[in-house]
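Visitor: My file is run.txt. It has compact mmCIF, C-alpha atoms:
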# COMPACT_ATOMS: atom_id res chain seq x y z
CA MET A 1 107.00 45.01 -16.52
CA LYS A 2 106.07 46.25 -19.98
CA VAL A 3 103.24 43.75 -20.24
CA ALA A 4 101.88 44.75 -16.84
CA SER A 5 102.13 48.41 -17.80
CA LYS A 6 100.20 47.84 -21.01
CA ARG A 7 97.48 45.92 -19.21
CA THR A 8 97.17 48.61 -16.59
CA GLY A 9 96.94 51.27 -19.29
CA LYS A 10 94.33 49.28 -21.17
CA GLY A 11 92.36 48.80 -17.97
CA LYS A 12 92.42 52.53 -17.29
CA LYS A 13 91.25 53.27 -20.84
CA LEU A 14 88.38 50.81 -20.48
CA ASN A 15 87.41 52.31 -17.12
CA ARG A 16 87.49 55.82 -18.56
CA ALA A 17 85.41 54.71 -21.56
CA TRP A 18 82.83 53.04 -19.31
CA LEU A 19 82.68 56.07 -17.04
CA HIS A 20 82.21 58.39 -20.02
CA ASP A 21 79.43 56.20 -21.43
CA HIS A 22 77.79 56.00 -18.02
CA LEU A 23 77.89 59.72 -17.28
CA THR A 24 76.60 60.67 -20.73
CA ASP A 25 73.95 57.95 -20.88
CA PRO A 26 70.48 59.55 -21.19
CA TYR A 27 68.89 56.72 -19.20
CA VAL A 28 71.34 57.22 -16.34
CA LYS A 29 70.43 60.90 -16.27
CA LEU A 30 66.72 60.09 -16.46
CA ALA A 31 67.04 57.57 -13.62
CA GLN A 32 68.72 60.18 -11.45
CA LYS A 33 66.03 62.72 -12.30
CA GLU A 34 63.12 60.36 -11.65
CA GLY A 35 64.54 58.73 -8.55
CA TYR A 36 65.31 55.25 -9.86
CA ARG A 37 68.28 53.40 -8.40
CA ALA A 38 69.45 52.18 -11.81
CA ARG A 39 68.79 52.74 -15.51
CA ALA A 40 67.51 49.13 -15.62
CA ALA A 41 64.07 50.46 -14.62
CA TYR A 42 63.59 51.69 -18.19
CA LYS A 43 64.25 48.24 -19.64
CA LEU A 44 61.32 46.80 -17.72
CA LYS A 45 59.27 49.92 -18.52
CA GLU A 46 59.78 49.40 -22.28
CA ILE A 47 58.91 45.70 -22.06
CA ASP A 48 55.81 46.46 -20.01
CA GLU A 49 54.63 49.24 -22.33
CA SER A 50 55.17 46.99 -25.35
CA LEU A 51 53.28 43.99 -23.97
CA GLY A 52 51.02 45.41 -21.22
CA LEU A 53 52.24 42.96 -18.59
CA VAL A 54 51.93 44.99 -15.38
CA LYS A 55 48.47 45.81 -14.01
CA PRO A 56 47.45 47.17 -10.59
CA GLY A 57 46.25 44.46 -8.23
CA GLN A 58 48.64 41.78 -9.49
CA VAL A 59 51.01 39.58 -7.50
CA VAL A 60 54.54 40.02 -8.89
CA VAL A 61 57.84 38.37 -7.92
CA ASP A 62 61.10 40.17 -8.73
CA LEU A 63 64.07 37.74 -8.91
CA GLY A 64 67.58 39.17 -8.62
CA ALA A 65 65.99 42.39 -7.44
CA ALA A 66 68.96 44.34 -6.00
CA PRO A 67 69.53 47.27 -6.16
CA GLY A 68 65.75 47.58 -6.59
CA ALA A 69 65.07 49.56 -9.78
CA TRP A 70 62.63 46.98 -11.14
CA SER A 71 60.80 46.82 -7.81
CA GLN A 72 60.62 50.62 -7.85
CA TYR A 73 59.05 50.57 -11.32
CA LEU A 74 56.54 47.91 -10.30
CA ARG A 75 55.71 49.85 -7.14
CA ARG A 76 54.94 52.98 -9.11
CA ARG A 77 52.80 51.04 -11.57
CA PHE A 78 50.74 49.75 -8.64
CA ALA A 79 50.29 53.19 -7.11
CA PRO A 80 47.67 55.80 -8.05
CA GLN A 81 49.27 58.37 -10.35
CA GLY A 82 52.53 56.38 -10.23
CA ALA A 83 53.51 57.56 -6.77
CA ALA A 84 56.82 56.36 -5.28
CA ALA A 85 55.24 56.22 -1.83
CA GLY A 86 51.83 55.78 -0.25
CA GLU A 87 48.91 53.65 -1.42
CA LEU A 88 49.75 50.42 -3.24
CA GLN A 89 47.37 48.23 -5.29
CA GLY A 90 49.07 44.86 -5.61
CA THR A 91 51.73 42.67 -4.05
CA ILE A 92 55.43 42.79 -4.91
CA VAL A 93 57.91 40.28 -3.51
CA ALA A 94 61.58 40.89 -4.25
CA LEU A 95 64.29 38.26 -3.80
CA ASP A 96 68.06 38.48 -4.03
CA LEU A 97 71.19 36.94 -2.58
CA LEU A 98 72.42 40.49 -1.95
CA ALA A 99 71.02 42.98 0.53
CA MET A 100 68.69 45.66 -0.87
CA GLU A 101 67.65 49.01 0.50
CA PRO A 102 63.91 48.91 1.29
CA VAL A 103 61.38 49.98 -1.34
CA GLU A 104 58.17 51.12 0.31
CA GLY A 105 55.46 48.47 0.06
CA VAL A 106 57.79 45.81 -1.39
CA HIS A 107 58.38 42.67 0.65
CA PHE A 108 62.07 41.79 0.34
CA ILE A 109 63.48 38.34 1.06
CA GLN A 110 67.25 37.96 1.09
CA GLY A 111 68.53 34.52 0.16
CA ASP A 112 68.52 31.77 -2.46
CA PHE A 113 64.97 31.02 -3.66
CA ARG A 114 65.90 27.34 -3.91
CA GLU A 115 66.42 27.14 -0.14
CA ASP A 116 63.62 25.83 2.07
CA ALA A 117 63.62 28.83 4.42
CA VAL A 118 63.31 31.29 1.54
CA VAL A 119 60.57 29.24 -0.12
CA ALA A 120 58.69 29.09 3.20
CA GLU A 121 58.87 32.87 3.60
CA LEU A 122 57.74 33.39 0.01
CA GLU A 123 54.78 31.05 0.49
CA ARG A 124 53.86 32.88 3.69
CA VAL A 125 53.74 36.21 1.81
CA LEU A 126 51.85 34.75 -1.17
CA ALA A 127 49.34 33.09 1.18
CA GLY A 128 48.23 30.61 -1.46
CA ARG A 129 47.82 33.20 -4.23
CA PRO A 130 49.21 32.35 -7.68
CA VAL A 131 51.69 34.80 -9.20
CA ASP A 132 50.66 36.97 -12.16
CA LEU A 133 54.14 37.99 -13.24
CA VAL A 134 57.71 36.89 -12.54
CA VAL A 135 60.51 39.25 -13.59
CA SER A 136 64.14 38.16 -13.50
CA ASP A 137 67.07 40.51 -13.94
CA MET A 138 69.47 37.88 -12.60
CA ALA A 139 72.93 37.82 -14.15
CA PRO A 140 76.05 35.85 -13.18
CA ASN A 141 79.47 37.20 -12.38
CA LEU A 142 81.17 36.75 -15.74
CA SER A 143 84.63 35.21 -15.91
CA GLY A 144 85.49 36.10 -19.49
CA ILE A 145 85.66 32.40 -20.35
CA ALA A 146 82.94 32.02 -22.97
CA ALA A 147 81.91 28.42 -22.28
CA ALA A 148 81.78 28.91 -18.51
CA ASP A 149 79.86 32.18 -18.80
CA ALA A 150 77.34 30.66 -21.23
CA ALA A 151 76.73 27.82 -18.77
CA ARG A 152 76.19 30.27 -15.88
CA ILE A 153 73.75 32.36 -17.93
CA ALA A 154 71.82 29.29 -19.07
CA HIS A 155 71.59 28.02 -15.49
CA LEU A 156 70.01 31.27 -14.27
CA VAL A 157 67.51 31.26 -17.14
CA GLU A 158 66.58 27.67 -16.28
CA LEU A 159 66.14 28.62 -12.61
CA ALA A 160 63.84 31.51 -13.56
CA VAL A 161 61.74 29.29 -15.85
CA ASP A 162 61.55 26.61 -13.17
CA PHE A 163 60.42 29.17 -10.58
CA ALA A 164 57.83 30.63 -12.95
CA LEU A 165 56.34 27.22 -13.78
CA ARG A 166 55.96 26.49 -10.08
CA HIS A 167 54.23 29.74 -9.19
CA LEU A 168 52.54 31.39 -12.21
CA ARG A 169 48.81 31.34 -12.83
CA PRO A 170 47.75 29.85 -16.21
CA ASP A 171 47.80 33.23 -17.98
CA GLY A 172 50.85 34.55 -16.09
CA ALA A 173 54.10 35.76 -17.64
CA LEU A 174 57.86 35.59 -17.13
CA VAL A 175 60.31 38.33 -18.15
CA CYS A 176 63.86 36.97 -18.06
CA LYS A 177 67.21 38.55 -18.81
CA THR A 178 69.66 36.59 -20.93
CA PHE A 179 72.45 37.28 -23.42
CA HIS A 180 72.93 36.66 -27.13
CA GLY A 181 75.68 34.15 -27.75
CA SER A 182 76.38 30.50 -27.09
CA GLY A 183 73.32 28.77 -25.69
CA TYR A 184 70.83 31.51 -26.58
CA SER A 185 68.95 29.40 -29.16
CA GLN A 186 68.55 26.65 -26.55
CA GLN A 187 67.05 29.16 -24.13
CA VAL A 188 64.54 30.28 -26.77
CA LYS A 189 63.71 26.59 -27.34
CA LEU A 190 63.16 26.12 -23.60
CA PHE A 191 60.77 29.08 -23.51
CA LYS A 192 58.84 27.76 -26.51
CA GLU A 193 58.53 24.38 -24.81
CA CYS A 194 57.21 25.96 -21.61
CA PHE A 195 55.06 28.95 -22.72
CA ARG A 196 52.28 29.44 -25.25
CA ILE A 197 53.61 32.84 -26.38
CA VAL A 198 57.32 33.73 -26.53
CA LYS A 199 58.68 37.15 -27.39
CA PRO A 200 62.38 38.14 -27.48
CA ILE A 201 62.86 41.85 -26.76
CA LYS A 202 65.93 44.09 -26.86
CA PRO A 203 64.84 47.33 -25.13
CA LYS A 204 66.29 50.62 -26.32
CA ALA A 205 67.45 51.19 -22.74
CA SER A 206 69.75 48.18 -23.11
CA ARG A 207 73.05 49.47 -24.48
CA ASP A 208 73.79 48.69 -28.13
CA LYS A 209 77.23 47.31 -27.22
CA SER A 210 75.70 44.87 -24.75
CA ALA A 211 74.72 41.30 -25.68
CA GLU A 212 71.96 41.59 -23.10
CA THR A 213 68.44 40.79 -24.25
CA PHE A 214 65.20 39.60 -22.69
CA LEU A 215 62.88 36.66 -23.24
CA VAL A 216 59.20 36.97 -22.35
CA GLY A 217 57.06 33.88 -21.90
CA ILE A 218 53.28 34.26 -21.52
CA GLY A 219 50.92 31.46 -20.47
CA PRO A 220 52.72 28.40 -19.07
CA LYS A 221 51.83 25.34 -21.13
CA PRO A 222 49.77 22.78 -19.20
CA GLY A 223 52.27 20.04 -20.02
CA ALA A 224 55.33 22.04 -18.95
CA ARG A 225 56.79 20.82 -15.70
CA PRO A 226 59.44 22.35 -13.43
CA GLN A 227 62.67 20.46 -12.91
CA PRO A 228 62.50 18.03 -9.96
As structure tokens - that is how I would like this structure written.

Guide:
Amino acid sequence: MKVASKRTGKGKKLNRAWLHDHLTDPYVKLAQKEGYRARAAYKLKEIDESLGLVKPGQVVVDLGAAPGAWSQYLRRRFAPQGAAAGELQGTIVALDLLAMEPVEGVHFIQGDFREDAVVAELERVLAGRPVDLVVSDMAPNLSGIAAADAARIAHLVELAVDFALRHLRPDGALVCKTFHGSGYSQQVKLFKECFRIVKPIKPKASRDKSAETFLVGIGPKPGARPQP
């Protein structure tokens, strides 16, 4: 009983600490003020402002889109004066296994992008157009077992790279979430094998305590091939 009590107490302390950090987080407050569904919008915003990736008129695919903060940011970048509604200059396709509340002007497909039905719907929306930018905020459910979690993270990065190689135009780019730790150097190596320019970025909006980081690949190499 003592052990259970200690674990429960520790869990409560962790929950209180997370809640305190969340409620006092300036990006959480800014997201609430500006109408974003999550603080994650500012991670993509920083990456975009640093590298100039998002331009009106592009075709963009948002992988692991729910709850929709990245799609919201993209939508505003494609709208005159950054409007959250109304006219839209560009195409945004969001995909996720989870349901997502609609974002005006964003075409949402729920399902696994490796499945034939999802691919068919994506191809219908793209109508033969190559993709300018793929953004992936996909993350696995972590188990706390380092080796298993590293494998799950690496798998999602590989899926994002594979998707990007299949759909990006020659000067297109991929923004992909990953985590520092076991397997990270191999992911950087994969990006360097597949893209002409590779930039690792840790946005200020990503919490200091988090191992989260992002890899950006620009210009798929002609010799790079998706996994069969």

Visitor: How far is it from atom CA of Cys194 of chain A to atom CA of Ala224 of chain A, in Å with one decimal?

Guide: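 The value is 5.1 Å.
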
Visitor: Which value, in Å to one decimal, gives the distance between atom CA of Glu87 of chain A and atom CA of Phe113 of chain A?

Guide: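 Computing it gives 27.8 Å between the two atoms.
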
Visitor: Would you list the contacts of Leu95 of chain A as a ChimeraX atom specification, taking every protein, DNA or RNA residue within 7 Å and counting all atoms listed in the file, but skipping same-chain residues closer than 5 positions in sequence?

Guide: /A:62-65,108-111

Visitor: List every residue of segment 164-193 of chain A that has an atom at most 9 Å from any atom of segment 132-154 of chain A, giving for each one its closest atom pair and the distance in Å to one decimal, counting all atoms listed in the file, sorted by chain and then by ascending residue number, as JSON lines.

Guide:
{"residue": "A:Ala164", "atom": "CA", "partner": "A:Val134", "partner_atom": "CA", "distance": 6.3}
{"residue": "A:His167", "atom": "CA", "partner": "A:Asp132", "partner_atom": "CA", "distance": 8.6}
{"residue": "A:Leu168", "atom": "CA", "partner": "A:Asp132", "partner_atom": "CA", "distance": 5.9}
{"residue": "A:Arg169", "atom": "CA", "partner": "A:Asp132", "partner_atom": "CA", "distance": 6.0}
{"residue": "A:Pro170", "atom": "CA", "partner": "A:Asp132", "partner_atom": "CA", "distance": 8.7}
{"residue": "A:Asp171", "atom": "CA", "partner": "A:Asp132", "partner_atom": "CA", "distance": 7.5}
{"residue": "A:Gly172", "atom": "CA", "partner": "A:Asp132", "partner_atom": "CA", "distance": 4.6}
{"residue": "A:Ala173", "atom": "CA", "partner": "A:Leu133", "partner_atom": "CA", "distance": 4.9}
{"residue": "A:Leu174", "atom": "CA", "partner": "A:Val134", "partner_atom": "CA", "distance": 4.8}
{"residue": "A:Val175", "atom": "CA", "partner": "A:Val135", "partner_atom": "CA", "distance": 4.7}
{"residue": "A:Cys176", "atom": "CA", "partner": "A:Ser136", "partner_atom": "CA", "distance": 4.7}
{"residue": "A:Lys177", "atom": "CA", "partner": "A:Asp137", "partner_atom": "CA", "distance": 5.3}
{"residue": "A:Thr178", "atom": "CA", "partner": "A:Ile153", "partner_atom": "CA", "distance": 6.6}
{"residue": "A:Phe179", "atom": "CA", "partner": "A:Ile153", "partner_atom": "CA", "distance": 7.5}
{"residue": "A:Gly181", "atom": "CA", "partner": "A:Ala150", "partner_atom": "CA", "distance": 7.6}
{"residue": "A:Ser182", "atom": "CA", "partner": "A:Ala150", "partner_atom": "CA", "distance": 5.9}
{"residue": "A:Gly183", "atom": "CA", "partner": "A:Ala150", "partner_atom": "CA", "distance": 6.3}
{"residue": "A:Tyr184", "atom": "CA", "partner": "A:Ala154", "partner_atom": "CA", "distance": 7.9}
{"residue": "A:Gln186", "atom": "CA", "partner": "A:Ala154", "partner_atom": "CA", "distance": 8.6}
{"residue": "A:Gln187", "atom": "CA", "partner": "A:Ala154", "partner_atom": "CA", "distance": 7.0}

Visitor: Between atom CA of Leu97 of chain A and atom CA of Asp112 of chain A, measure the distance and give it in Å to one decimal.

Guide: 5.8 Å

Visitor: Between A:Ile201, A:Ala117, A:Arg207, A:Ile218, which residue has the minimum interatomic distance to Val161 of chain A, considering only C-alpha atoms?

Guide: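 Nearest to Val161 of chain A: A:Ile218.
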
Visitor: Which of these residues is nearest to Ala84 of chain A, using all atoms listed in the file: A:Ala69, A:Ala127, A:Leu30, A:Val198?

Guide: A:Ala69

Visitor: I need the residue nearest Ala99 of chain A from this list: A:Gly68, A:Pro26, A:Gly219, A:Pro56. Use all atoms listed in the file for the distance.

Guide: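 Under the stated criterion, the closest residue is A:Gly68.
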
Visitor: Identify, on the basis of only C-alpha atoms, every residue whose closest approach to segment 43-54 of chain A does not exceed 8 Å; exclude the query and any residue fewer than 2 positions from it along the same chain; express the result as a list in words.

Guide: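 After dropping sequence-adjacent residues, the list is Arg39, Ala40, Ala41, Pro56, Gln58, Trp70, Tyr73, Leu74, Arg77, Leu133, Ala173, Ile201, Pro203, Lys204, Ala205 and Ser206 of chain A.
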
Visitor: Return the single residue from A:Val93, A:Ala31, A:Val106, A:Asp208 that is closest to Arg124 of chain A, with distances computed using only C-alpha atoms.

Guide: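 Under the stated criterion, the closest residue is A:Val93.
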
Visitor: N, CA and C atoms for segment 171-204 of chain A, written as a PDB file, in the frame of the given file, could you do that?

Guide:
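Written output follows (part24.pdb):
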ATOM      1  N   ASP A 171      47.579  32.168 -17.002  1.00  0.00           N
ATOM      2  CA  ASP A 171      47.800  33.230 -17.980  1.00  0.00           C
ATOM      3  C   ASP A 171      48.937  34.166 -17.555  1.00  0.00           C
ATOM      4  N   GLY A 172      49.755  33.723 -16.600  1.00  0.00           N
ATOM      5  CA  GLY A 172      50.850  34.550 -16.090  1.00  0.00           C
ATOM      6  C   GLY A 172      52.008  34.651 -17.068  1.00  0.00           C
ATOM      7  N   ALA A 173      52.982  35.498 -16.725  1.00  0.00           N
ATOM      8  CA  ALA A 173      54.100  35.760 -17.640  1.00  0.00           C
ATOM      9  C   ALA A 173      55.425  35.801 -16.889  1.00  0.00           C
ATOM     10  N   LEU A 174      56.483  35.496 -17.627  1.00  0.00           N
ATOM     11  CA  LEU A 174      57.860  35.590 -17.130  1.00  0.00           C
ATOM     12  C   LEU A 174      58.653  36.512 -18.037  1.00  0.00           C
ATOM     13  N   VAL A 175      59.346  37.480 -17.429  1.00  0.00           N
ATOM     14  CA  VAL A 175      60.310  38.330 -18.150  1.00  0.00           C
ATOM     15  C   VAL A 175      61.687  37.950 -17.623  1.00  0.00           C
ATOM     16  N   CYS A 176      62.571  37.519 -18.503  1.00  0.00           N
ATOM     17  CA  CYS A 176      63.860  36.970 -18.060  1.00  0.00           C
ATOM     18  C   CYS A 176      65.016  37.548 -18.862  1.00  0.00           C
ATOM     19  N   LYS A 177      66.010  38.057 -18.135  1.00  0.00           N
ATOM     20  CA  LYS A 177      67.210  38.550 -18.810  1.00  0.00           C
ATOM     21  C   LYS A 177      68.088  37.398 -19.263  1.00  0.00           C
ATOM     22  N   THR A 178      68.653  37.530 -20.457  1.00  0.00           N
ATOM     23  CA  THR A 178      69.660  36.590 -20.930  1.00  0.00           C
ATOM     24  C   THR A 178      70.627  37.358 -21.826  1.00  0.00           C
ATOM     25  N   PHE A 179      71.452  36.637 -22.571  1.00  0.00           N
ATOM     26  CA  PHE A 179      72.450  37.280 -23.420  1.00  0.00           C
ATOM     27  C   PHE A 179      72.554  36.530 -24.737  1.00  0.00           C
ATOM     28  N   HIS A 180      72.671  37.280 -25.838  1.00  0.00           N
ATOM     29  CA  HIS A 180      72.930  36.660 -27.130  1.00  0.00           C
ATOM     30  C   HIS A 180      74.304  36.001 -27.095  1.00  0.00           C
ATOM     31  N   GLY A 181      74.404  34.857 -27.727  1.00  0.00           N
ATOM     32  CA  GLY A 181      75.680  34.150 -27.750  1.00  0.00           C
ATOM     33  C   GLY A 181      75.438  32.663 -27.625  1.00  0.00           C
ATOM     34  N   SER A 182      76.466  31.949 -27.237  1.00  0.00           N
ATOM     35  CA  SER A 182      76.380  30.500 -27.090  1.00  0.00           C
ATOM     36  C   SER A 182      75.273  30.121 -26.117  1.00  0.00           C
ATOM     37  N   GLY A 183      74.392  29.242 -26.558  1.00  0.00           N
ATOM     38  CA  GLY A 183      73.320  28.770 -25.690  1.00  0.00           C
ATOM     39  C   GLY A 183      72.027  29.540 -25.807  1.00  0.00           C
ATOM     40  N   TYR A 184      72.039  30.681 -26.502  1.00  0.00           N
ATOM     41  CA  TYR A 184      70.830  31.510 -26.580  1.00  0.00           C
ATOM     42  C   TYR A 184      69.695  30.772 -27.297  1.00  0.00           C
ATOM     43  N   SER A 185      70.002  30.108 -28.399  1.00  0.00           N
ATOM     44  CA  SER A 185      68.950  29.400 -29.160  1.00  0.00           C
ATOM     45  C   SER A 185      68.311  28.309 -28.309  1.00  0.00           C
ATOM     46  N   GLN A 186      69.111  27.671 -27.442  1.00  0.00           N
ATOM     47  CA  GLN A 186      68.550  26.650 -26.550  1.00  0.00           C
ATOM     48  C   GLN A 186      67.613  27.260 -25.517  1.00  0.00           C
ATOM     49  N   GLN A 187      67.922  28.482 -25.091  1.00  0.00           N
ATOM     50  CA  GLN A 187      67.050  29.160 -24.130  1.00  0.00           C
ATOM     51  C   GLN A 187      65.717  29.535 -24.784  1.00  0.00           C
ATOM     52  N   VAL A 188      65.771  29.986 -26.031  1.00  0.00           N
ATOM     53  CA  VAL A 188      64.540  30.280 -26.770  1.00  0.00           C
ATOM     54  C   VAL A 188      63.716  28.995 -26.916  1.00  0.00           C
ATOM     55  N   LYS A 189      64.384  27.892 -27.210  1.00  0.00           N
ATOM     56  CA  LYS A 189      63.710  26.590 -27.340  1.00  0.00           C
ATOM     57  C   LYS A 189      63.038  26.207 -26.031  1.00  0.00           C
ATOM     58  N   LEU A 190      63.733  26.416 -24.913  1.00  0.00           N
ATOM     59  CA  LEU A 190      63.160  26.120 -23.600  1.00  0.00           C
ATOM     60  C   LEU A 190      61.900  26.931 -23.362  1.00  0.00           C
ATOM     61  N   PHE A 191      61.942  28.222 -23.680  1.00  0.00           N
ATOM     62  CA  PHE A 191      60.770  29.080 -23.510  1.00  0.00           C
ATOM     63  C   PHE A 191      59.608  28.593 -24.370  1.00  0.00           C
ATOM     64  N   LYS A 192      59.906  28.216 -25.613  1.00  0.00           N
ATOM     65  CA  LYS A 192      58.840  27.760 -26.510  1.00  0.00           C
ATOM     66  C   LYS A 192      58.234  26.442 -26.042  1.00  0.00           C
ATOM     67  N   GLU A 193      59.035  25.633 -25.362  1.00  0.00           N
ATOM     68  CA  GLU A 193      58.530  24.380 -24.810  1.00  0.00           C
ATOM     69  C   GLU A 193      57.628  24.616 -23.596  1.00  0.00           C
ATOM     70  N   CYS A 194      57.868  25.735 -22.896  1.00  0.00           N
ATOM     71  CA  CYS A 194      57.210  25.960 -21.610  1.00  0.00           C
ATOM     72  C   CYS A 194      56.081  26.995 -21.645  1.00  0.00           C
ATOM     73  N   PHE A 195      56.060  27.871 -22.673  1.00  0.00           N
ATOM     74  CA  PHE A 195      55.060  28.950 -22.720  1.00  0.00           C
ATOM     75  C   PHE A 195      54.344  28.977 -24.065  1.00  0.00           C
ATOM     76  N   ARG A 196      53.082  29.383 -24.016  1.00  0.00           N
ATOM     77  CA  ARG A 196      52.280  29.440 -25.250  1.00  0.00           C
ATOM     78  C   ARG A 196      52.757  30.561 -26.178  1.00  0.00           C
ATOM     79  N   ILE A 197      53.137  31.696 -25.591  1.00  0.00           N
ATOM     80  CA  ILE A 197      53.610  32.840 -26.380  1.00  0.00           C
ATOM     81  C   ILE A 197      55.025  33.193 -25.905  1.00  0.00           C
ATOM     82  N   VAL A 198      55.937  33.373 -26.856  1.00  0.00           N
ATOM     83  CA  VAL A 198      57.320  33.730 -26.530  1.00  0.00           C
ATOM     84  C   VAL A 198      57.731  34.928 -27.362  1.00  0.00           C
ATOM     85  N   LYS A 199      58.255  35.942 -26.686  1.00  0.00           N
ATOM     86  CA  LYS A 199      58.680  37.150 -27.390  1.00  0.00           C
ATOM     87  C   LYS A 199      60.078  37.562 -26.918  1.00  0.00           C
ATOM     88  N   PRO A 200      61.070  37.580 -27.818  1.00  0.00           N
ATOM     89  CA  PRO A 200      62.380  38.140 -27.480  1.00  0.00           C
ATOM     90  C   PRO A 200      62.341  39.659 -27.656  1.00  0.00           C
ATOM     91  N   ILE A 201      62.892  40.388 -26.701  1.00  0.00           N
ATOM     92  CA  ILE A 201      62.860  41.850 -26.760  1.00  0.00           C
ATOM     93  C   ILE A 201      64.233  42.406 -26.374  1.00  0.00           C
ATOM     94  N   LYS A 202      64.711  43.343 -27.174  1.00  0.00           N
ATOM     95  CA  LYS A 202      65.930  44.090 -26.860  1.00  0.00           C
ATOM     96  C   LYS A 202      65.509  45.543 -26.638  1.00  0.00           C
ATOM     97  N   PRO A 203      65.298  45.954 -25.379  1.00  0.00           N
ATOM     98  CA  PRO A 203      64.840  47.330 -25.130  1.00  0.00           C
ATOM     99  C   PRO A 203      65.866  48.364 -25.581  1.00  0.00           C
ATOM    100  N   LYS A 204      65.386  49.527 -25.946  1.00  0.00           N
ATOM    101  CA  LYS A 204      66.290  50.620 -26.320  1.00  0.00           C
ATOM    102  C   LYS A 204      67.173  51.019 -25.156  1.00  0.00           C
TER     103      LYS A 204
END
